[in-house]
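**Student:** Starting off with a structure, shown below.
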There are 2 protein chains.
Amino acid sequence: MDITQTGLRNSPDGVPLNIQAVADAAGVSKTTVSHVISGKRPVSLTTRRRVEKVMDELGFEPNFFAQALQRNRSNTIALIVQDITNPFYPALARGLQSTVGAQNQVVMLFDAGAGDAITHAFIKDAIKRRVDGVVVAVSNVEQEISKLVKAGIAVVAVGSGLSELPMDWVSADDERIAFDAVTQLAAAGHTRIGMIGGPVGTEPAAGRLAGYYHALDSLGLDKDPRYIALGDWTTGGGLAAMNLLLELEDRPSAVFCGNDLMAIGAMNAIIGAGLRVPDDIALIGVDDIDAAALVRPALSTVRVPAQEIGRAAGDLLLRRLEEGYGPSRRHVLVQHTLISRDSI
Amino acid sequence: MDITQTGLRNSPDGVPLNIQAVADAAGVSKTTVSHVISGKRPVSLTTRRRVEKVMDELGFEPNFFAQALQRNRSNTIALIVQDITNPFYPALARGLQSTVGAQNQVVMLFDAGAGDAITHAFIKDAIKRRVDGVVVAVSNVEQEISKLVKAGIAVVAVGSGLSELPMDWVSADDERIAFDAVTQLAAAGHTRIGMIGGPVGTEPAAGRLAGYYHALDSLGLDKDPRYIALGDWTTGGGLAAMNLLLELEDRPSAVFCGNDLMAIGAMNAIIGAGLRVPDDIALIGVDDIDAAALVRPALSTVRVPAQEIGRAAGDLLLRRLEEGYGPSRRHVLVQHTLISRDSI
């Protein structure tokens with residue numbers, strides 16, 4: 001194959017030339033070819049078969065945009081994730097893709113980690129492209145999401161951060177996750193329990209912080225504001241936050257981390273300071289990303305089933321596409337599981 | 001906001017009603033509105049400004065499909081990756097998105113881990129959607145890729161597995177990577193060096209196997225076919241392959257693993273068998289995914305810069321979109337780096 005010979009299959013005029021070519025080769029009119037493609041008018045079976053055979057032989061595909069324009073449907077689902085390099089989100093993406101892919105929907109994945117400006121541009125673009133639906137697994141996009149909803153695009157939120165907006169959503173019970181994690185640390189004998197949380201205003205920081213407070217109250221333990229440090233959900237953020245906690249004279253003996261990446265960063269900070277996990281400081285994370293089982297000591301965590309969340313979001317979206325909006329919002333709550341390893 | 005009040009912004013007829021609404025509100029004809037949108041015919045500045053103001057107020061967006069149909073361009077780049085849950089690929093995706101996003105291209109990411117059938121369907125669909133370009137980071141899709149090239153879609157391959165096809169490509173020097181890794185093991189005194197490779201026919205299994213053989217030849221070490229086990233690039237595959245090598249009576253004292261996930265799986269197999277890394281068996285991987293630094297012992301590896309590969313692929317694609325195909329193919333070779341940690 002000579003690359004210089006490879007031109008655009010369609011002329012700049014787009015489809016008409018191809019329809020003409022099909023019509024010529026099949027010995028029918030352009031109108032007949034159009035009717036075969038659109039299925040809107042009856043065409044005799046013999047003619048239809050002849051035209052379809054010619055289309056196949058010529059490698060002719062009906063123009064996607066012309067069809068989309070006609071149906072106002074694009075068979076595209078956009079997925080916006082907070083940070084594609086956090087293994088939680090690729091797993092979610094796989095779950096979503098497996099569900100909507102079975103219905104011939106293509107997932108257009110967008111990594112909001114690329115920056116706020118291009119995230120906003122992406123959402124605006126999603127409206128123009130008439131995506132059939134959007135799954136939103138990112139914080140701080142309320143305004144943009146309102147526009148999607150107003151544009152009649154089906155939106156499913158992951159997490160409860162967008163629950164003020166009128167849309168279906170999938171979430172884990174973030175408060176309960178934190179409550180269970182802290183209770184686990186207390187059961188191992190810890191009374192000075194700290195937390196490394198996500199930044200204020202990001203999903204699911206608020207719910208997990210509330211659960212942490214709630215557990216300390218229930219257990220009758222002190223709430224010491226110095227015991228809370230915030231990271232940005234990354235290993236680097238967890239490491240920096242843990243270093244702050246390590247500076248305290250009466251530092252916590254156990255730390256609940258808002259996700260596994262921050263817990264792994266905290267573990268590196270502790271080991272880097274010449275201390276041991278769990279002997280000097282016990283740790284527990286959230287998510288159960290693959291790396292949680294691979295670090296040493298292996299990280300105890302609360303498993304949040306990312307693929308299942310992706311599948312549930314896909315199911316909700318497909319139902320909305322089929323049924324349209326009704327007066328009620330739907331909510332799927334996924335179950336979490338405590339995973340005991342060696343860091344407590 | 002009441003969700004029951006939220007209907008589709010466009011009638012089933014699509015754009016015309018909206019153009020009419022804009023025309024009515026601006027007190028001009030539909031034709032004038034069309035000319036403002038298309039820019040194909042002159043419209044007085046005053047009229048243009050009035051129409052644009054009304055479009056803005058009504059939240060009217062020119063129909064994406066109508067524009068795409070007109071320009072035969074979709075401003076979409078498809079990225080097909082082997083396995084989105086392998087952290088190498090999300091990093092590649094971020095690099096690509098940052099590069100093409102700056103040119104208002106949206107990346108449609110597809111995870112081939114979802115299965116061969118839907119991967120083939122996705123590529124077929126990409127042609128119908130007239131994506132402007134495709135970045136292919138997956139094996140065994142030669143036939144489908146030929147179709148993309150024939151359809152005049154710009155294609156950039158990641159890795160050398162598709163280098164028979166006439167397209168630009170980005171790769172690391174897989175043979176040299178393996179050569180350098182094996183040389184590193186030999187420098188630590190090892191003479192019985194095994195390999196855990198990827199499945200035959202998948203990228204970049206062949207190049208890394210060739211480099212392994214080449215290094216053993218150069219070093220004057222025995223090539224023992226029993227010392228090669230194959231995995232499927234996942235931790236599970238690496239674990240199973242290592243278990244096979246552990247069954248050998250005169251097992252290797254060091255193993256070069258084709259990627260980090262398999263090396264981490266191998267590490268778990270070794271530790272699970274009651275042996276130590278590197279005392280009983282030394283390990284080296286390829287990629288330098290985040291987890292490589294997080295496992296204990298920390299994994300020595302050959303760093304392949306995934307984000308840089310994504311950016312290079314984006315640059316090649318944007319150049320092709322601007323210049324069209326010429327007689328020559330372009331190739332970007334990214335540099336690898338040895339990362340010494342504690343597993344050798």
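Order determines the names: the first chain of the structure tokens is A, the second B, and so forth; residues in each chain are numbered 1 upward, and ligands are numbered 1 upward as they are shown.
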Which polymer residues have any atom within 9 Å of an atom of Pro199 of chain B, counting only C-alpha atoms, with same-chain residues fewer than 3 positions away left out, as a compact mmCIF listing (two decimals) with C-alpha atoms, in the first residue's frame?
**Tutor:**
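The resulting file, out_29.txt, is reproduced below:
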```
# COMPACT_ATOMS: atom_id res chain seq x y z
CA THR B 202 1.00 -8.77 21.31
CA GLU B 203 2.85 -5.51 21.38
CA ALA B 205 6.40 -8.85 23.24
CA ALA B 206 8.55 -9.69 20.21
CA LEU B 230 4.67 -15.96 29.18
CA GLY B 231 2.09 -13.81 30.97
CA ASP B 232 -0.67 -11.57 29.71
CA TRP B 233 0.79 -8.21 30.89
```
**Student:** Among the residues of segment 148-263 of chain A, find those DSSP assigns to strand (DSSP E or B) from the backbone and print them as a ChimeraX atom specification.
**Tutor:** /A:154-158,168-172,193-197,228-230,254-257
**Student:** Show me, as a list in words, the residues that have an atom within 9 Å of Arg41 of chain B when counting only C-alpha atoms, minus same-chain residues fewer than 5 positions from it.
**Tutor:** Thr32, His35 and Val36 of chain B
**Student:** When distances are computed from only C-alpha atoms, which of B:Gly324, B:Pro305, B:Gly285, B:Pro278 shows the smallest separation from chain A?
**Tutor:**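 Answer, going by the shortest atom-to-atom distance: B:Gly324.
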**Student:** Would you return as a PyMOL selection string the members of segment 87-138 of chain B that DSSP assigns to helix (DSSP H, G or I) on this structure's backbone?
**Tutor:** chain B and resi 88-101+112-114+116-128
**Student:** Find the residues near Val141 of chain A: any atom within 9 Å, counting only C-alpha atoms, skip ones fewer than 3 places away on the same chain, and give them as a PyMOL selection string.
**Tutor:** chain A and resi 116+119-120+136+138+144-146+162
**Student:** May I have the residues from that selection written out with N, CA and C atoms, as a CSV table (one decimal), in the first residue's frame?
**Tutor:**
```
chain,number,residue,atom,x,y,z
A,116,ASP,N,-9.2,22.7,34.6
A,116,ASP,CA,-10.6,23.2,34.6
A,116,ASP,C,-11.1,23.8,33.3
A,119,THR,N,-11.9,21.2,30.8
A,119,THR,CA,-13.0,20.5,31.2
A,119,THR,C,-14.3,21.2,30.9
A,120,HIS,N,-14.3,22.5,31.1
A,120,HIS,CA,-15.5,23.3,30.8
A,120,HIS,C,-15.8,23.3,29.3
A,136,VAL,N,-20.9,11.8,35.1
A,136,VAL,CA,-20.1,12.8,35.7
A,136,VAL,C,-19.5,12.3,37.0
A,138,VAL,N,-16.8,13.9,38.7
A,138,VAL,CA,-15.9,15.0,39.0
A,138,VAL,C,-16.6,16.0,39.8
A,144,GLU,N,-21.9,23.8,34.8
A,144,GLU,CA,-21.8,23.1,33.4
A,144,GLU,C,-22.9,22.0,33.3
A,145,ILE,N,-23.0,21.3,34.4
A,145,ILE,CA,-23.9,20.1,34.4
A,145,ILE,C,-25.4,20.6,34.3
A,146,SER,N,-25.7,21.8,34.9
A,146,SER,CA,-27.0,22.4,34.8
A,146,SER,C,-27.3,22.6,33.3
A,162,LEU,N,-23.3,16.1,43.6
A,162,LEU,CA,-24.1,16.8,42.6
A,162,LEU,C,-25.6,16.6,42.9
```
**Student:** Excluding Thr76 of chain A and residues on its chain fewer than 6 positions from it, collect all residues at most 10 Å away from it, counting only C-alpha atoms, and give them as an MDAnalysis selection string.
**Tutor:** (chainID A and resid 100:101 104:108 126 129:134) or (chainID B and resid 108)
**Student:** Calculated over only C-alpha atoms, which of the candidates B:Ala282, B:Ala114, B:Leu185, B:Leu209 has the smallest distance to chain A?
**Tutor:**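 Residue with the minimum atom-to-atom distance to chain A: B:Ala114.
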**Student:** If you measure from atom CA of Gly314 of chain B to atom CA of Glu175 of chain B, what distance in Å do you get, rounded to one decimal?
**Tutor:**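 These atoms are spaced 24.3 Å apart.
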**Student:** From the list B:Lys30, B:Arg303, B:Arg329, B:Lys128, which residue is nearest chain A when using only C-alpha atoms?
**Tutor:** B:Lys128
**Student:** Report the distance between atom CA of Gly274 of chain A and atom CA of Leu261 of chain B in Å, rounded to one decimal place.
**Tutor:** 27.9 Å
**Student:** Env of Ala25 of chain B: 9 Å cut, atoms = only C-alpha atoms, seq-sep filter 5 positions within chain, self excluded. Answer as an MDAnalysis selection string.
**Tutor:** chainID B and resid 20 51 54
**Student:** For chain A, which of B:Leu219, B:Leu58, B:Ala23, B:Ala186 is the closest residue, counting only C-alpha atoms?
**Tutor:** B:Leu58
**Student:** Using only C-alpha atoms, determine which residues lie at most 8 Å from Gln82 of chain A, disregarding the query and same-chain residues fewer than 3 positions distant; provide the list as a PyMOL selection string.
**Tutor:** chain A and resi 89+111-113+137-139
**Student:** Which is closer to Thr234 of chain B than all the others in B:Gly152, B:Gly198, B:Gly220, B:Gly207, using only C-alpha atoms?
**Tutor:**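 Answer, going by the shortest atom-to-atom distance: B:Gly198.
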**Student:** My list of candidates is B:Asp287, B:Glu52, B:Asp280, B:Asp180. Which is closest to Gly258 of chain B when distances are computed with only C-alpha atoms?
**Tutor:**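 For Gly258 of chain B, the nearest of the candidates is B:Asp287.
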